[in-house]
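Input: a single structure, listed below in structure tokens.
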Amino acid sequence: MFSFVFVVMASAIPMLEARPFAKTVVDSTKARFGPLTFKPDGTFQIAIFEDLHFGENAWDQWGPQQDINSVKVINEILDAESPGLVVLNGDLITGENTFLENSTTYVDQIVTPLVNRGLTWASTYGNHDHQYNISGSSILAREKLWPNSRTQQMVNTENSGVSNYYLPVYDSRCSHDGCVPELLLWFFDSKGGFKYQEKNSTGALIGNPDWVDSTVVDWFLKKNTELVKRLHKQIPSLAFVHIPTYASYVLQQKGIDAHLQPGINDDNPLAPQGQGWCSDGRNDGSCDYGGNDIPFMQAISSIPELIAVFSGHDHGDSWCDRWDEQLSGMTVVPKNNVILCFSQHTGYGGYGNWERGSRQILVSKSKLKESAVDTWIRLESKNVVGRVTLNSTFGHDQYPATNDTQTYCPTCDYSA
């Protein structure tokens with residue numbers, strides 16, 4: 001009886017919440033949300049919502065309640081911060097718990113707080129967004145019902161995934177195509193999970209490779225070269241991808257210092273791209289790691305002016321560390337000293353009870369000249385932790401350690 005009630009609620013609530021904005025969708029145009037720009041004061045802020053995991057166990061009492069609490073976290077963060085862009089950085093939905101008929105309606109519930117505030121967002125998709133009953137393509141189609149979505153698909157090959165694209169950010173006084181952007185934002189689909197609506201001859205689900213595909217890497221390098229040639233300069237940039245690279249794993253094993261790389265480090269060892277896959281593309285359990293993300297690592301560690309890459313996936317990690325040397329057991333030699341960062345687990349869905357929050361990135365034109373950005377984590381308690389400057393001395397500068405605080409769902413009954 002109760003299970004049936006909550007299944008209906010889970011599928012109905014998102015649709016009901018979308019209705020008040022039907023008029024906005026009809027009347028809004030892309031012109032309302034023009035290109036991204038810095039504020040007149042020369043700053044541009046990004047809020048990352050990581051691992052929201054909507055749609056878990058809709059048939060139990062605690063599933064829909066988790067989503068309500070996650071919306072509350074989003075509202076609390078946005079009440080405290082003033083981002084010019086929200087990044088939904090993967091695992092928006094726990095797709096394996098959804099039904100084919102309504103799997104993407106959770107997008108409406110996720111973005112309602114953003115639409116209410118007139119904010120735009122850009123997404124990457126994670127392993128839980130690629131499942132038998134849900135796909136990156138279907139999530140993108142749902143996002144595009146809202147004019148606030150800036151998510152795109154710029155690479156369309158068999159194994160590329162979906163959310164691979166870039167967004168320029170312009171000066172407030174010059175934001176048309178003829179202007180030179182001040183900042184580039186790159187977004188990548190690390191895929192994973194399972195193939196959409198596919199099973200093998202035995203009826204088992206088919207694994208989906210969990211790394212940024214080589215065709216995407218080729219596009220990234222080619223597009224960057226084209227932009228440098230057209231704009232006559234290398235534009236400073238940031239990148240977003242859900243699953244971290246193997247380089248983050250090796251940096252973690254080398255050691256994370258609580259004062260040099262502040263943040264929680266509880267998911268140790270972390271789970272990188274290519275974990276459990278063989279170099280020949282098999283995932284039969286015979287390999288720990290096949291090096292499948294090496295082309296992506298070579299790219300992100302060689303592009304000049306790529307300041308930092310932001311990931312999630314490992315809910316118990318929120319540190320940043322600089323990749324400035326060839327790491328033990330790796331063949332990739334970094335050329336740009338890129339900084340690899342984790343965000344903060346935002347949603348009440350997914351594993352772990354680390355306090356929910358959102359990594360903020362503040363880009364100022366003045367610091368951008370020095371390839372530096374400021375970042376911190378805003379927690380749902382409204383506290384701020386892990387405030388650092390990602391600059392040339394990051395990794396040497398001392399910062400306060402981050403307290404490992406926990407939060408729980410007080411109205412969830414996990415025994416239901």
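Residues are referred to by chain and number: the chain letter is A, B, ... according to the order shown in the structure tokens, the number counts from 1 in that chain, and ligands are numbered separately from 1 in the order shown.
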Practice task
Find the residues near A:Ser149: any atom within 8 Å, counting only C-alpha atoms, skip ones fewer than 5 places away on the same chain, and give them as a PyMOL selection string.
Solution key: chain A and resi 120-122+143-144
Prev. selection, all heavy atoms, output as a PDB file, in the first residue's frame:
```
ATOM      1  N   THR A 120      21.281  29.997 -14.748  1.00  0.00           N
ATOM      2  CA  THR A 120      21.515  28.981 -15.775  1.00  0.00           C
ATOM      3  C   THR A 120      22.490  27.944 -15.239  1.00  0.00           C
ATOM      4  O   THR A 120      23.202  28.180 -14.263  1.00  0.00           O
ATOM      5  CB  THR A 120      22.085  29.606 -17.067  1.00  0.00           C
ATOM      6  OG1 THR A 120      23.373  30.174 -16.806  1.00  0.00           O
ATOM      7  CG2 THR A 120      21.149  30.682 -17.600  1.00  0.00           C
ATOM      8  N   TRP A 121      22.501  26.789 -15.891  1.00  0.00           N
ATOM      9  CA  TRP A 121      23.365  25.703 -15.438  1.00  0.00           C
ATOM     10  C   TRP A 121      23.984  24.980 -16.629  1.00  0.00           C
ATOM     11  O   TRP A 121      23.510  25.063 -17.765  1.00  0.00           O
ATOM     12  CB  TRP A 121      22.589  24.702 -14.571  1.00  0.00           C
ATOM     13  CG  TRP A 121      21.548  23.917 -15.330  1.00  0.00           C
ATOM     14  CD1 TRP A 121      21.731  22.774 -16.056  1.00  0.00           C
ATOM     15  CD2 TRP A 121      20.160  24.247 -15.460  1.00  0.00           C
ATOM     16  NE1 TRP A 121      20.552  22.360 -16.620  1.00  0.00           N
ATOM     17  CE2 TRP A 121      19.559  23.241 -16.265  1.00  0.00           C
ATOM     18  CE3 TRP A 121      19.359  25.281 -14.962  1.00  0.00           C
ATOM     19  CZ2 TRP A 121      18.203  23.263 -16.597  1.00  0.00           C
ATOM     20  CZ3 TRP A 121      18.014  25.290 -15.298  1.00  0.00           C
ATOM     21  CH2 TRP A 121      17.458  24.284 -16.097  1.00  0.00           C
ATOM     22  N   ALA A 122      25.049  24.246 -16.320  1.00  0.00           N
ATOM     23  CA  ALA A 122      25.729  23.399 -17.298  1.00  0.00           C
ATOM     24  C   ALA A 122      26.029  22.075 -16.616  1.00  0.00           C
ATOM     25  O   ALA A 122      26.489  22.062 -15.471  1.00  0.00           O
ATOM     26  CB  ALA A 122      27.013  24.062 -17.788  1.00  0.00           C
ATOM     27  N   GLU A 143      16.651  18.309 -19.986  1.00  0.00           N
ATOM     28  CA  GLU A 143      17.213  19.623 -19.642  1.00  0.00           C
ATOM     29  C   GLU A 143      16.788  20.687 -20.635  1.00  0.00           C
ATOM     30  O   GLU A 143      16.528  21.841 -20.269  1.00  0.00           O
ATOM     31  CB  GLU A 143      18.744  19.543 -19.612  1.00  0.00           C
ATOM     32  CG  GLU A 143      19.352  18.934 -18.381  1.00  0.00           C
ATOM     33  CD  GLU A 143      20.835  19.255 -18.287  1.00  0.00           C
ATOM     34  OE1 GLU A 143      21.189  20.440 -18.448  1.00  0.00           O
ATOM     35  OE2 GLU A 143      21.628  18.320 -18.058  1.00  0.00           O
ATOM     36  N   LYS A 144      16.737  20.317 -21.910  1.00  0.00           N
ATOM     37  CA  LYS A 144      16.475  21.293 -22.950  1.00  0.00           C
ATOM     38  C   LYS A 144      15.019  21.761 -22.978  1.00  0.00           C
ATOM     39  O   LYS A 144      14.672  22.640 -23.768  1.00  0.00           O
ATOM     40  CB  LYS A 144      16.887  20.739 -24.311  1.00  0.00           C
ATOM     41  CG  LYS A 144      18.412  20.687 -24.481  1.00  0.00           C
ATOM     42  CD  LYS A 144      19.047  22.038 -24.185  1.00  0.00           C
ATOM     43  CE  LYS A 144      20.540  22.041 -24.322  1.00  0.00           C
ATOM     44  NZ  LYS A 144      21.131  23.360 -23.965  1.00  0.00           N
TER      45      LYS A 144
END
```
Practice task
Excluding stretch 267-278 of chain A and any residue of its chain fewer than 5 positions from it, enumerate the residues within 6 Å of it, using only C-alpha atoms, and give them as a ChimeraX atom specification.
Solution key: /A:210-211,243-246,249,283,287-290,292,316-317
Write out the residues from the selection above, keeping C-alpha atoms, as a PDB file, in the first residue's frame.
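In the end it all went to out_26.pdb:
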```pdb
ATOM      1  CA  ASP A 210      34.036   4.862 -17.474  1.00  0.00           C
ATOM      2  CA  TRP A 211      36.590   7.246 -18.934  1.00  0.00           C
ATOM      3  CA  ILE A 243      34.960  10.685 -12.411  1.00  0.00           C
ATOM      4  CA  PRO A 244      38.503  11.731 -11.432  1.00  0.00           C
ATOM      5  CA  THR A 245      41.528  10.563 -13.361  1.00  0.00           C
ATOM      6  CA  TYR A 246      44.084   8.026 -12.217  1.00  0.00           C
ATOM      7  CA  TYR A 249      44.459   8.372  -7.217  1.00  0.00           C
ATOM      8  CA  ASN A 283      35.659  -5.417 -17.663  1.00  0.00           C
ATOM      9  CA  CYS A 287      42.068  -6.122 -14.241  1.00  0.00           C
ATOM     10  CA  ASP A 288      42.348  -3.430 -11.587  1.00  0.00           C
ATOM     11  CA  TYR A 289      43.104  -0.581 -13.975  1.00  0.00           C
ATOM     12  CA  GLY A 290      43.853  -0.551 -17.685  1.00  0.00           C
ATOM     13  CA  ASN A 292      42.212   3.827 -20.431  1.00  0.00           C
ATOM     14  CA  GLY A 316      34.229  11.355   0.852  1.00  0.00           C
ATOM     15  CA  ASP A 317      36.888  13.473  -0.853  1.00  0.00           C
TER      16      ASP A 317
END
```
Exercise for the section: Apply DSSP to the backbone of this structure and, from stretch 55-171 of chain A, keep only the residues in strand (DSSP E or B); write these as a ChimeraX atom specification. Expected result: /A:85-89,93,121-124,131,134,149,165-171
How would the residues just picked look written out with N, CA and C atoms as a PDB file, in the first residue's frame?
```pdb
ATOM      1  N   LEU A  85      26.881  30.967 -12.662  1.00  0.00           N
ATOM      2  CA  LEU A  85      26.617  29.697 -13.333  1.00  0.00           C
ATOM      3  C   LEU A  85      26.618  28.594 -12.290  1.00  0.00           C
ATOM      4  N   VAL A  86      25.704  27.644 -12.448  1.00  0.00           N
ATOM      5  CA  VAL A  86      25.694  26.429 -11.639  1.00  0.00           C
ATOM      6  C   VAL A  86      26.166  25.274 -12.515  1.00  0.00           C
ATOM      7  N   VAL A  87      27.091  24.480 -11.993  1.00  0.00           N
ATOM      8  CA  VAL A  87      27.538  23.268 -12.686  1.00  0.00           C
ATOM      9  C   VAL A  87      26.973  22.059 -11.958  1.00  0.00           C
ATOM     10  N   LEU A  88      26.202  21.252 -12.662  1.00  0.00           N
ATOM     11  CA  LEU A  88      25.699  19.980 -12.142  1.00  0.00           C
ATOM     12  C   LEU A  88      26.698  18.926 -12.612  1.00  0.00           C
ATOM     13  N   ASN A  89      27.620  18.566 -11.721  1.00  0.00           N
ATOM     14  CA  ASN A  89      28.812  17.835 -12.159  1.00  0.00           C
ATOM     15  C   ASN A  89      28.682  16.317 -11.985  1.00  0.00           C
ATOM     16  N   ILE A  93      21.143  11.839 -11.177  1.00  0.00           N
ATOM     17  CA  ILE A  93      20.067  10.894 -10.889  1.00  0.00           C
ATOM     18  C   ILE A  93      20.672   9.511 -10.647  1.00  0.00           C
ATOM     19  N   TRP A 121      22.501  26.789 -15.891  1.00  0.00           N
ATOM     20  CA  TRP A 121      23.365  25.703 -15.438  1.00  0.00           C
ATOM     21  C   TRP A 121      23.984  24.980 -16.629  1.00  0.00           C
ATOM     22  N   ALA A 122      25.049  24.246 -16.320  1.00  0.00           N
ATOM     23  CA  ALA A 122      25.729  23.399 -17.298  1.00  0.00           C
ATOM     24  C   ALA A 122      26.029  22.075 -16.616  1.00  0.00           C
ATOM     25  N   SER A 123      25.782  20.985 -17.298  1.00  0.00           N
ATOM     26  CA  SER A 123      25.910  19.657 -16.684  1.00  0.00           C
ATOM     27  C   SER A 123      27.022  18.832 -17.313  1.00  0.00           C
ATOM     28  N   THR A 124      27.597  17.968 -16.484  1.00  0.00           N
ATOM     29  CA  THR A 124      28.309  16.796 -16.989  1.00  0.00           C
ATOM     30  C   THR A 124      27.526  15.588 -16.472  1.00  0.00           C
ATOM     31  N   GLN A 131      22.539   4.437 -17.285  1.00  0.00           N
ATOM     32  CA  GLN A 131      22.053   3.165 -16.767  1.00  0.00           C
ATOM     33  C   GLN A 131      21.057   2.562 -17.755  1.00  0.00           C
ATOM     34  N   ILE A 134      18.071   4.879 -18.203  1.00  0.00           N
ATOM     35  CA  ILE A 134      18.320   6.309 -18.368  1.00  0.00           C
ATOM     36  C   ILE A 134      19.631   6.487 -19.124  1.00  0.00           C
ATOM     37  N   SER A 149      19.140  25.848 -19.399  1.00  0.00           N
ATOM     38  CA  SER A 149      20.188  24.845 -19.552  1.00  0.00           C
ATOM     39  C   SER A 149      21.189  25.270 -20.623  1.00  0.00           C
ATOM     40  N   TYR A 165      31.608  19.528 -24.213  1.00  0.00           N
ATOM     41  CA  TYR A 165      31.394  20.830 -24.835  1.00  0.00           C
ATOM     42  C   TYR A 165      32.200  21.879 -24.082  1.00  0.00           C
ATOM     43  N   TYR A 166      32.171  23.105 -24.564  1.00  0.00           N
ATOM     44  CA  TYR A 166      32.829  24.194 -23.844  1.00  0.00           C
ATOM     45  C   TYR A 166      31.932  25.424 -23.871  1.00  0.00           C
ATOM     46  N   LEU A 167      32.137  26.302 -22.902  1.00  0.00           N
ATOM     47  CA  LEU A 167      31.408  27.566 -22.813  1.00  0.00           C
ATOM     48  C   LEU A 167      32.407  28.691 -22.611  1.00  0.00           C
ATOM     49  N   PRO A 168      32.329  29.741 -23.423  1.00  0.00           N
ATOM     50  CA  PRO A 168      33.186  30.909 -23.200  1.00  0.00           C
ATOM     51  C   PRO A 168      32.535  31.856 -22.193  1.00  0.00           C
ATOM     52  N   VAL A 169      33.359  32.562 -21.450  1.00  0.00           N
ATOM     53  CA  VAL A 169      32.885  33.588 -20.523  1.00  0.00           C
ATOM     54  C   VAL A 169      33.562  34.901 -20.925  1.00  0.00           C
ATOM     55  N   TYR A 170      32.729  35.923 -21.195  1.00  0.00           N
ATOM     56  CA  TYR A 170      33.222  37.166 -21.759  1.00  0.00           C
ATOM     57  C   TYR A 170      33.281  38.284 -20.721  1.00  0.00           C
ATOM     58  N   ASP A 171      33.986  39.334 -21.080  1.00  0.00           N
ATOM     59  CA  ASP A 171      33.942  40.573 -20.327  1.00  0.00           C
ATOM     60  C   ASP A 171      32.525  41.139 -20.404  1.00  0.00           C
TER      61      ASP A 171
END
```
Fill in the blank from the handout: Counting only C-alpha atoms, closest pick from A:Val388, A:Val115, A:Leu260, A:Ala58 relative to A:Phe33 is A:Val115
Exercise for the section: Per DSSP on the backbone, filter stretch 111-204 of chain A down to the residues in helix (DSSP H, G or I) and report them as a ChimeraX atom specification. Expected result: /A:111-116,127-129,136-143
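The closest residue to A:Gln344, picked from A:Asp397, A:Asp314, A:Glu370, A:Glu325 and counting only C-alpha atoms, is A:Asp314.
With only C-alpha atoms as the atoms that count, the residue of A:Gln61, A:Arg117, A:Ile361, A:Phe296 with the shortest distance to A:Asp79 is A:Arg117.
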Problem - Exercise: A:Gly386 partners within 7 Å, only C-alpha atoms, chain neighbours under 5 positions left out, as a list in words - result: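 Skipping anything fewer than 5 positions along the chain leaves Pro262, Gly263, Trp376, Ile377 and Thr402 of chain A.
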So that I have them on file, write out the residues from the current selection with N, CA, C and O atoms, as a PDB file, in the first residue's frame.
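See out_21.pdb below for the written result:
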```pdb
ATOM      1  N   PRO A 262      43.749  21.224   1.974  1.00  0.00           N
ATOM      2  CA  PRO A 262      42.649  21.025   2.921  1.00  0.00           C
ATOM      3  C   PRO A 262      41.413  20.426   2.262  1.00  0.00           C
ATOM      4  O   PRO A 262      41.087  20.722   1.118  1.00  0.00           O
ATOM      5  N   GLY A 263      40.749  19.578   3.019  1.00  0.00           N
ATOM      6  CA  GLY A 263      39.549  18.906   2.533  1.00  0.00           C
ATOM      7  C   GLY A 263      39.456  17.543   3.186  1.00  0.00           C
ATOM      8  O   GLY A 263      40.426  17.047   3.768  1.00  0.00           O
ATOM      9  N   TRP A 376      36.237  27.683  -2.410  1.00  0.00           N
ATOM     10  CA  TRP A 376      35.873  27.282  -1.062  1.00  0.00           C
ATOM     11  C   TRP A 376      34.653  26.375  -1.137  1.00  0.00           C
ATOM     12  O   TRP A 376      34.031  26.236  -2.199  1.00  0.00           O
ATOM     13  N   ILE A 377      34.323  25.763  -0.018  1.00  0.00           N
ATOM     14  CA  ILE A 377      33.138  24.910   0.049  1.00  0.00           C
ATOM     15  C   ILE A 377      32.138  25.527   1.023  1.00  0.00           C
ATOM     16  O   ILE A 377      32.479  25.799   2.178  1.00  0.00           O
ATOM     17  N   THR A 402      40.234  21.090   7.270  1.00  0.00           N
ATOM     18  CA  THR A 402      38.779  21.016   7.148  1.00  0.00           C
ATOM     19  C   THR A 402      38.231  19.993   8.138  1.00  0.00           C
ATOM     20  O   THR A 402      38.668  18.834   8.136  1.00  0.00           O
TER      21      THR A 402
END
```
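Taking only C-alpha atoms into account, A:Gly285 lies nearest to A:Gly207 out of the set A:Gly207, A:Asn337, A:Thr157, A:Ser343.
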Handout entry: Pairwise distance for atom CA of A:Glu81 and atom CA of A:Arg378, rounded to one decimal in Å
Key = 8.2 Å
Practice task
Could you give me, as a list in words, the residues within 12 Å of A:Pro295, counting only C-alpha atoms and dropping anything in the same chain fewer than 3 positions from it?
Solution key: Trp211, Val212, Asp213, Ser214, Thr215, Val216, Val217, Asp218, Trp219, Phe220, Leu221, Thr245, Tyr246, Gln273, Gly274, Gly291, Asn292, Gln298, Ala299, Ile300, Ser301, Ser302, Thr331, Val332 and Val333 of chain A
Could you dump the residues just selected with N, CA, C and O atoms as a short mmCIF file (atom, residue, chain, number, x, y, z; two decimals), in the first residue's frame?
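Dumped everything to result_35.cif:
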```
data_model
loop_
_atom_site.label_atom_id
_atom_site.label_comp_id
_atom_site.auth_asym_id
_atom_site.auth_seq_id
_atom_site.Cartn_x
_atom_site.Cartn_y
_atom_site.Cartn_z
N TRP A 211 35.51 6.27 -18.74
CA TRP A 211 36.59 7.25 -18.93
C TRP A 211 36.21 8.16 -20.09
O TRP A 211 35.31 7.85 -20.88
N VAL A 212 36.87 9.29 -20.17
CA VAL A 212 36.64 10.21 -21.29
C VAL A 212 37.22 9.58 -22.55
O VAL A 212 38.40 9.23 -22.60
N ASP A 213 36.38 9.42 -23.54
CA ASP A 213 36.74 8.66 -24.75
C ASP A 213 37.82 9.39 -25.56
O ASP A 213 37.93 10.62 -25.55
N SER A 214 38.59 8.60 -26.30
CA SER A 214 39.68 9.16 -27.10
C SER A 214 39.16 10.10 -28.18
O SER A 214 39.86 11.06 -28.56
N THR A 215 37.95 9.85 -28.71
CA THR A 215 37.40 10.77 -29.71
C THR A 215 37.11 12.13 -29.09
O THR A 215 37.22 13.16 -29.77
N VAL A 216 36.76 12.15 -27.82
CA VAL A 216 36.53 13.42 -27.12
C VAL A 216 37.86 14.13 -26.89
O VAL A 216 37.96 15.35 -27.04
N VAL A 217 38.89 13.36 -26.53
CA VAL A 217 40.22 13.95 -26.34
C VAL A 217 40.70 14.58 -27.64
O VAL A 217 41.22 15.71 -27.65
N ASP A 218 40.50 13.88 -28.77
CA ASP A 218 40.90 14.42 -30.07
C ASP A 218 40.16 15.73 -30.35
O ASP A 218 40.75 16.70 -30.84
N TRP A 219 38.87 15.75 -30.06
CA TRP A 219 38.08 16.97 -30.26
C TRP A 219 38.60 18.11 -29.39
O TRP A 219 38.74 19.25 -29.84
N PHE A 220 38.89 17.80 -28.12
CA PHE A 220 39.37 18.78 -27.17
C PHE A 220 40.66 19.43 -27.66
O PHE A 220 40.80 20.67 -27.69
N LEU A 221 41.61 18.62 -28.06
CA LEU A 221 42.89 19.14 -28.52
C LEU A 221 42.73 19.94 -29.81
O LEU A 221 43.33 21.02 -29.96
N THR A 245 40.55 11.35 -12.62
CA THR A 245 41.53 10.56 -13.36
C THR A 245 42.40 9.75 -12.40
O THR A 245 42.42 9.98 -11.19
N TYR A 246 43.16 8.86 -13.00
CA TYR A 246 44.08 8.03 -12.22
C TYR A 246 45.14 8.88 -11.53
O TYR A 246 45.67 8.50 -10.47
N GLN A 273 38.84 6.94 -13.15
CA GLN A 273 38.43 6.47 -14.46
C GLN A 273 39.20 5.20 -14.81
O GLN A 273 40.37 5.06 -14.50
N GLY A 274 38.51 4.27 -15.46
CA GLY A 274 39.16 3.04 -15.91
C GLY A 274 39.32 1.98 -14.84
O GLY A 274 39.89 0.91 -15.11
N GLY A 291 44.58 1.77 -17.68
CA GLY A 291 45.21 2.94 -18.29
C GLY A 291 44.37 3.59 -19.37
O GLY A 291 44.89 4.35 -20.21
N ASN A 292 43.07 3.34 -19.36
CA ASN A 292 42.21 3.83 -20.43
C ASN A 292 42.07 5.35 -20.45
O ASN A 292 41.69 5.92 -21.47
N GLN A 298 46.89 12.97 -20.56
CA GLN A 298 47.90 13.67 -21.36
C GLN A 298 47.37 15.02 -21.83
O GLN A 298 48.12 16.01 -21.84
N ALA A 299 46.09 15.06 -22.19
CA ALA A 299 45.51 16.30 -22.69
C ALA A 299 45.38 17.36 -21.60
O ALA A 299 45.81 18.50 -21.77
N ILE A 300 44.78 16.98 -20.47
CA ILE A 300 44.54 17.98 -19.44
C ILE A 300 45.83 18.44 -18.76
O ILE A 300 45.87 19.53 -18.16
N SER A 301 46.89 17.65 -18.86
CA SER A 301 48.16 18.04 -18.25
C SER A 301 49.09 18.75 -19.22
O SER A 301 50.22 19.08 -18.86
N SER A 302 48.61 18.99 -20.45
CA SER A 302 49.47 19.64 -21.44
C SER A 302 48.89 20.95 -21.98
O SER A 302 49.65 21.78 -22.49
N THR A 331 53.19 7.11 -16.80
CA THR A 331 54.02 7.51 -17.94
C THR A 331 53.78 8.96 -18.34
O THR A 331 54.59 9.54 -19.07
N VAL A 332 52.68 9.55 -17.87
CA VAL A 332 52.33 10.92 -18.27
C VAL A 332 53.18 11.92 -17.49
O VAL A 332 53.26 11.87 -16.26
N VAL A 333 53.80 12.82 -18.22
CA VAL A 333 54.60 13.88 -17.61
C VAL A 333 53.84 15.19 -17.77
O VAL A 333 53.69 15.69 -18.89
#
```
Exercise for the section: Would you mind telling me which residue in A:Tyr125, A:Trp319, A:Phe188, A:Phe54 lies nearest to A:Gly347 when using only C-alpha atoms? Expected result: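 Ranking A:Tyr125, A:Trp319, A:Phe188, A:Phe54 by distance to A:Gly347, first place goes to A:Phe54.
For A:Trp354, the set of protein, DNA and RNA residues having any atom at most 10 Å away, when counting only C-alpha atoms and skipping those fewer than 4 positions along the same chain, is A:Ile264, A:Asp266, A:His315, A:Gly316, A:Asp317, A:Gln344, A:His345, A:Thr346, A:Tyr348, A:Asp404, A:Thr405, A:Gln406, A:Thr407, A:Tyr408.
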Handout entry: One-decimal distance in Å that lies between atom CA of A:Lys223 and atom CA of A:Ser172
Key =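 We find that atom CA of A:Ser172 and atom CA of A:Lys223 lie 24.3 Å from each other.
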